[in-house]
Amino acid sequence: MIRFDGAAKRHPDGTVAVEGLDLDVPAGRITVLVGPSGCGKTTLLRMVNRMVEPTSGRVLLDGADVAGLPAAKLRRGIGYVIQQAGLFPHRRVIDNIATVPRLLGWDRKRARARAAELLELVGLAPETARRYPFQLSGGQQQRVGVARALAADPPVLLMDEPFSAVDPVVRAGLQEELLRLQSELNKTVLFVTHDIEEAVRLGDQIVVLREHGRIAQLADPHTLLTAPADEGVAAFLGRDRGLRGLGLRPARTVAVRPLNGSAVQGDWKLTTDSAGRATGWLHADGRRQDAPAFHPAADTLRVALDAAVLSPTGLAVAVDTEGRAVGLADRAAVLAALAEDAHGR
Amino acid sequence: MDGEPLVRWKWLGDHLGYLWSLTLDHAGLALLPVLIALLVALPLGLLCARLPRLYQPLAAVFNVVYALPSLAVFVVLIPYTGLATKATVMVPLTCYALAVLLPTTVEGLRSVPESVRQAATAMGYGPWRRLAAVELPAAVPYLISGLRVAAVSSISLAAVGALVGQGGLGYLFIDGFQRTFTTVILAGIVLVALLALATDLLLVLARRLLAPWAVREKGAAR
């Protein structure tokens with residue numbers, strides 16, 4: 001666990017980066033520090049691995065003041081991922097990943113074997129190992145950055161806007177990957193971002209910061225979206241926070257009408273392929289449109305609602321794990337699930 | 001001397017061994033200073049990268065040295081190093097090479113993107129170790145560019161050394177001029193050019209070998 005105990009940073013010129021923060025970052029969970037630029041979130045992150053020394057207060061790592069640990073040794077035990085990836089341009093991917101194990105004195109063979117494991121873990125092809133960073137896309141570089149941070153299996157991972165420099169589609173993929181990794185590895189993750197959407201998506205616990213590192217709200221994502229502490233937080237969350245909150249709620253409560261035989265709705269007919277996957281809605285006049293679908297067991301209410309809104313018939317197709325169409329849900333059914341869920345909470 | 005042709009091929013054919021030994025002489029005279037300068041520039045550059053306040057005055061001194069005419073420096077040095085010793089030529093050439101190599105070393109070390117430097121620090125590199133393991137290798141393309149300039153200009157400057165009794169191929173110019181023997185002058189020019197070309201080619205090859213990742217700034221632009 002990481003504990004900030006009145007940690008403050010005042011610059012020599014008198015300006016205050018962080019006024020003095022008390023915060024517990026629980027072990028094995030993702031804690032997101034989110035706030036506008038200048039709120040001190042990166043400063044706080046860097047206090048943990050001593051790249052910034054607090055001018056007063058302490059940062060404790062598993063009960064020990066980090067100021068009492070040798071900086072280099074401390075840092076080798078903490079993974080660190082930054083926005084620009086910061087890969088070493090002169091080292092091949094495999095040797096970039098093997099950096100910390102090598103610093104810890106592992107022999108080259110063992111370090112490379114470990115690096116190869118991590119390459120696979122972050123979803124990169126084995127042939128990527130021989131490439132140089134400049135030969136990779138931005139998203140691939142970030143994956144290598146994550147693999148490098150995890151190489152020596154540190155219990156703590158610091159991530160400073162790691163996905164901000166890639167395009168939204170790649171970012172979504174990287175976020176998903178991080179959640180998958182975290183479900184396997186259970187690291188203590190401290191994640192900094194200015195993107196509230198990202199915070200809600202990734203955080204088990206979200207710390208909304210104001211200027212000088214003051215906590216505006218500390219909450220789980222659902223509470224944050226449904227019960228912002230004040231108008232400032234609500235404004236930061238944006239006007240569609242209710243809608244975004246649907247992205248946190250499972251779609252399994254939506255009442256699905258089982259599909260037996262063919263589905264007909266007015267002039268529209270649902271067509272399926274030989275495997276039973278929906279291929280689209282076919283109109284009597286020959287027009288064809290997509291059949292948006294959701295997976296009740298895995299998707300969120302937001303996906304279900306989206307599918308129902310986009311469907312020409314107002315019916316969202318429910319699919320099973322293999323992608324086969326198994327049922328239909330109309331907009332009323334999705335809205336009913338919404339209402340039920342809200343009461344249930 | 002009406003009958004004197006531009007090039008007497010027979011003379012060239014008869015003196016191949018002589019020309020070869022002059023070329024080797026010239027290569028040593030010109031390139032050994034570059035090598036020494038490199039060995040000095042690396043630690044000095046690392047020091048300057050750690051102590052930026054040292055760099056400005058040092059760079060200024062070498063710039064002034066670079067501005068001094070070589071012949072004048074050779075002549076000034078004679079009382080200290082003697083007329084016919086290699087040191088008279090090699091000491092100034094080392095200084096000239098250093099004037100090129102020190103800035104390129106420092107610029108190369110500084111060329112490393114801030115994100116790379118921070119990542120290295122965050123992974124537990126101490127400042128010196130980071131310089132040696134991350135910043136120095138990243139500076140190799142810069143260093144080789146500097147070496148190309150330093151080596152070629154040193155090859156050209158070394159010829160002037162013939163005027164103080166040392167100069168490898170430079171001797172051919174004096175000899176040819178005194179005897180109005182164009183064959184020798186032309187041979188000198190061609191051999192100096194060839195030596196410069198060969199050295200440059202070797203350095204380009206070295207860059208490919210040592211820094212295959214440095215493909216025209218593409219990586220750095222990211």
# chains A, B, ... in the order shown; residues from 1 in each chain; ligands from 1
call {"tool": "interface_residues", "arguments": {"of": "chain B", "to": "chain A", "cutoff": "9 Å", "atoms": "only C-alpha atoms", "output": "PyMOL selection string"}}
result
chain B and resi 112-126+134+137-138+211-215+218-220+222
call {"tool": "residues_around", "arguments": {"residues": "B:Pro52", "least_positions_apart": "6", "cutoff": "12 Å", "atoms": "only C-alpha atoms", "output": "NGL selection string"}}
result
:B and (44-46 or 58-59 or 106-107 or 109-110)
call {"tool": "residues_around", "arguments": {"residues": "B:Val64", "least_positions_apart": "6", "cutoff": "12 Å", "atoms": "only C-alpha atoms", "output": "NGL selection string"}}
result
:B and (57-58 or 95-96 or 98-100)
call {"tool": "residues_around", "arguments": {"residues": "stretch 314-327 of chain A", "least_positions_apart": "4", "cutoff": "12 Å", "atoms": "only C-alpha atoms", "output": "PyMOL selection string"}}
result
chain A and resi 251-252+254-266+268-281+290-299+301-310+331-334
call {"tool": "write_last_selection", "arguments": {"atoms": "C-alpha atoms", "output": "compact mmCIF listing (two decimals), in the first residue's frame"}}
result
# COMPACT_ATOMS: atom_id res chain seq x y z
CA ALA A 251 -26.55 -5.42 -19.22
CA ARG A 252 -27.57 -8.76 -17.76
CA VAL A 254 -32.21 -6.43 -19.49
CA ALA A 255 -35.22 -8.67 -20.15
CA VAL A 256 -34.44 -10.55 -23.37
CA ARG A 257 -37.18 -12.15 -25.46
CA PRO A 258 -35.86 -15.53 -26.64
CA LEU A 259 -35.49 -15.88 -30.37
CA ASN A 260 -37.32 -18.89 -31.82
CA GLY A 261 -37.10 -19.32 -35.52
CA SER A 262 -37.11 -16.10 -37.50
CA ALA A 263 -37.65 -12.66 -36.01
CA VAL A 264 -40.06 -10.37 -37.82
CA GLN A 265 -40.85 -6.82 -36.78
CA GLY A 266 -43.22 -4.94 -39.09
CA TRP A 268 -38.23 -5.93 -41.14
CA LYS A 269 -36.87 -9.43 -40.84
CA LEU A 270 -33.71 -10.45 -38.95
CA THR A 271 -31.34 -12.47 -41.13
CA THR A 272 -28.74 -14.87 -39.73
CA ASP A 273 -25.87 -16.85 -41.21
CA SER A 274 -25.42 -20.61 -41.00
CA ALA A 275 -23.69 -20.28 -37.60
CA GLY A 276 -26.65 -18.38 -36.20
CA ARG A 277 -24.96 -14.96 -36.11
CA ALA A 278 -27.17 -11.99 -36.99
CA THR A 279 -26.19 -10.52 -40.35
CA GLY A 280 -28.68 -7.63 -40.48
CA TRP A 281 -32.27 -6.46 -40.75
CA ASP A 290 -27.07 -3.52 -39.60
CA ALA A 291 -28.42 -5.39 -36.61
CA PRO A 292 -26.68 -3.86 -33.56
CA ALA A 293 -26.13 -6.43 -30.83
CA PHE A 294 -25.06 -6.72 -27.18
CA HIS A 295 -23.80 -9.56 -25.04
CA PRO A 296 -25.90 -9.54 -21.84
CA ALA A 297 -23.31 -11.39 -19.79
CA ALA A 298 -20.35 -9.19 -20.73
CA ASP A 299 -21.57 -5.83 -22.04
CA LEU A 301 -26.24 -1.12 -20.21
CA ARG A 302 -24.68 1.57 -22.33
CA VAL A 303 -23.93 -0.92 -25.11
CA ALA A 304 -27.45 -2.38 -24.86
CA LEU A 305 -29.06 1.06 -25.03
CA ASP A 306 -26.83 2.03 -27.93
CA ALA A 307 -27.82 -1.11 -29.83
CA ALA A 308 -31.53 -0.48 -29.24
CA VAL A 309 -31.25 3.17 -30.32
CA LEU A 310 -29.34 2.35 -33.52
CA ARG A 331 -35.95 -0.05 -25.98
CA ALA A 332 -38.58 -0.36 -23.27
CA ALA A 333 -36.83 -3.44 -21.90
CA VAL A 334 -33.50 -1.58 -21.74
call {"tool": "residues_around", "arguments": {"residues": "B:Thr94", "least_positions_apart": "6", "cutoff": "8 Å", "atoms": "only C-alpha atoms", "output": "list in words"}}
result
Pro33, Val34, Ile36 and Ala37 of chain B
call {"tool": "write_last_selection", "arguments": {"atoms": "N, CA and C atoms", "output": "PDB file, in the first residue's frame"}}
result
ATOM      1  N   PRO B  33      45.470  12.185 -34.600  1.00  0.00           N
ATOM      2  CA  PRO B  33      44.926  13.288 -33.780  1.00  0.00           C
ATOM      3  C   PRO B  33      43.407  13.192 -33.598  1.00  0.00           C
ATOM      4  N   VAL B  34      42.695  12.728 -34.639  1.00  0.00           N
ATOM      5  CA  VAL B  34      41.238  12.622 -34.520  1.00  0.00           C
ATOM      6  C   VAL B  34      40.887  11.569 -33.462  1.00  0.00           C
ATOM      7  N   ILE B  36      42.808  10.623 -30.941  1.00  0.00           N
ATOM      8  CA  ILE B  36      43.128  11.160 -29.613  1.00  0.00           C
ATOM      9  C   ILE B  36      42.032  12.135 -29.171  1.00  0.00           C
ATOM     10  N   ALA B  37      41.607  12.969 -30.120  1.00  0.00           N
ATOM     11  CA  ALA B  37      40.562  13.956 -29.804  1.00  0.00           C
ATOM     12  C   ALA B  37      39.284  13.252 -29.365  1.00  0.00           C
TER      13      ALA B  37
END
call {"tool": "atom_distance", "arguments": {"atom1": "atom CA of B:Cys48", "atom2": "atom CA of B:Ala97"}}
result
17.2 Å
call {"tool": "closest_residue", "arguments": {"among": "B:Val140, B:Met90, B:Leu147, B:Leu39", "to": "B:Gly108", "atoms": "only C-alpha atoms"}}
result
B:Val140
call {"tool": "atom_distance", "arguments": {"atom1": "atom CA of A:Leu150", "atom2": "atom CA of A:Arg29"}}
result
15.6 Å
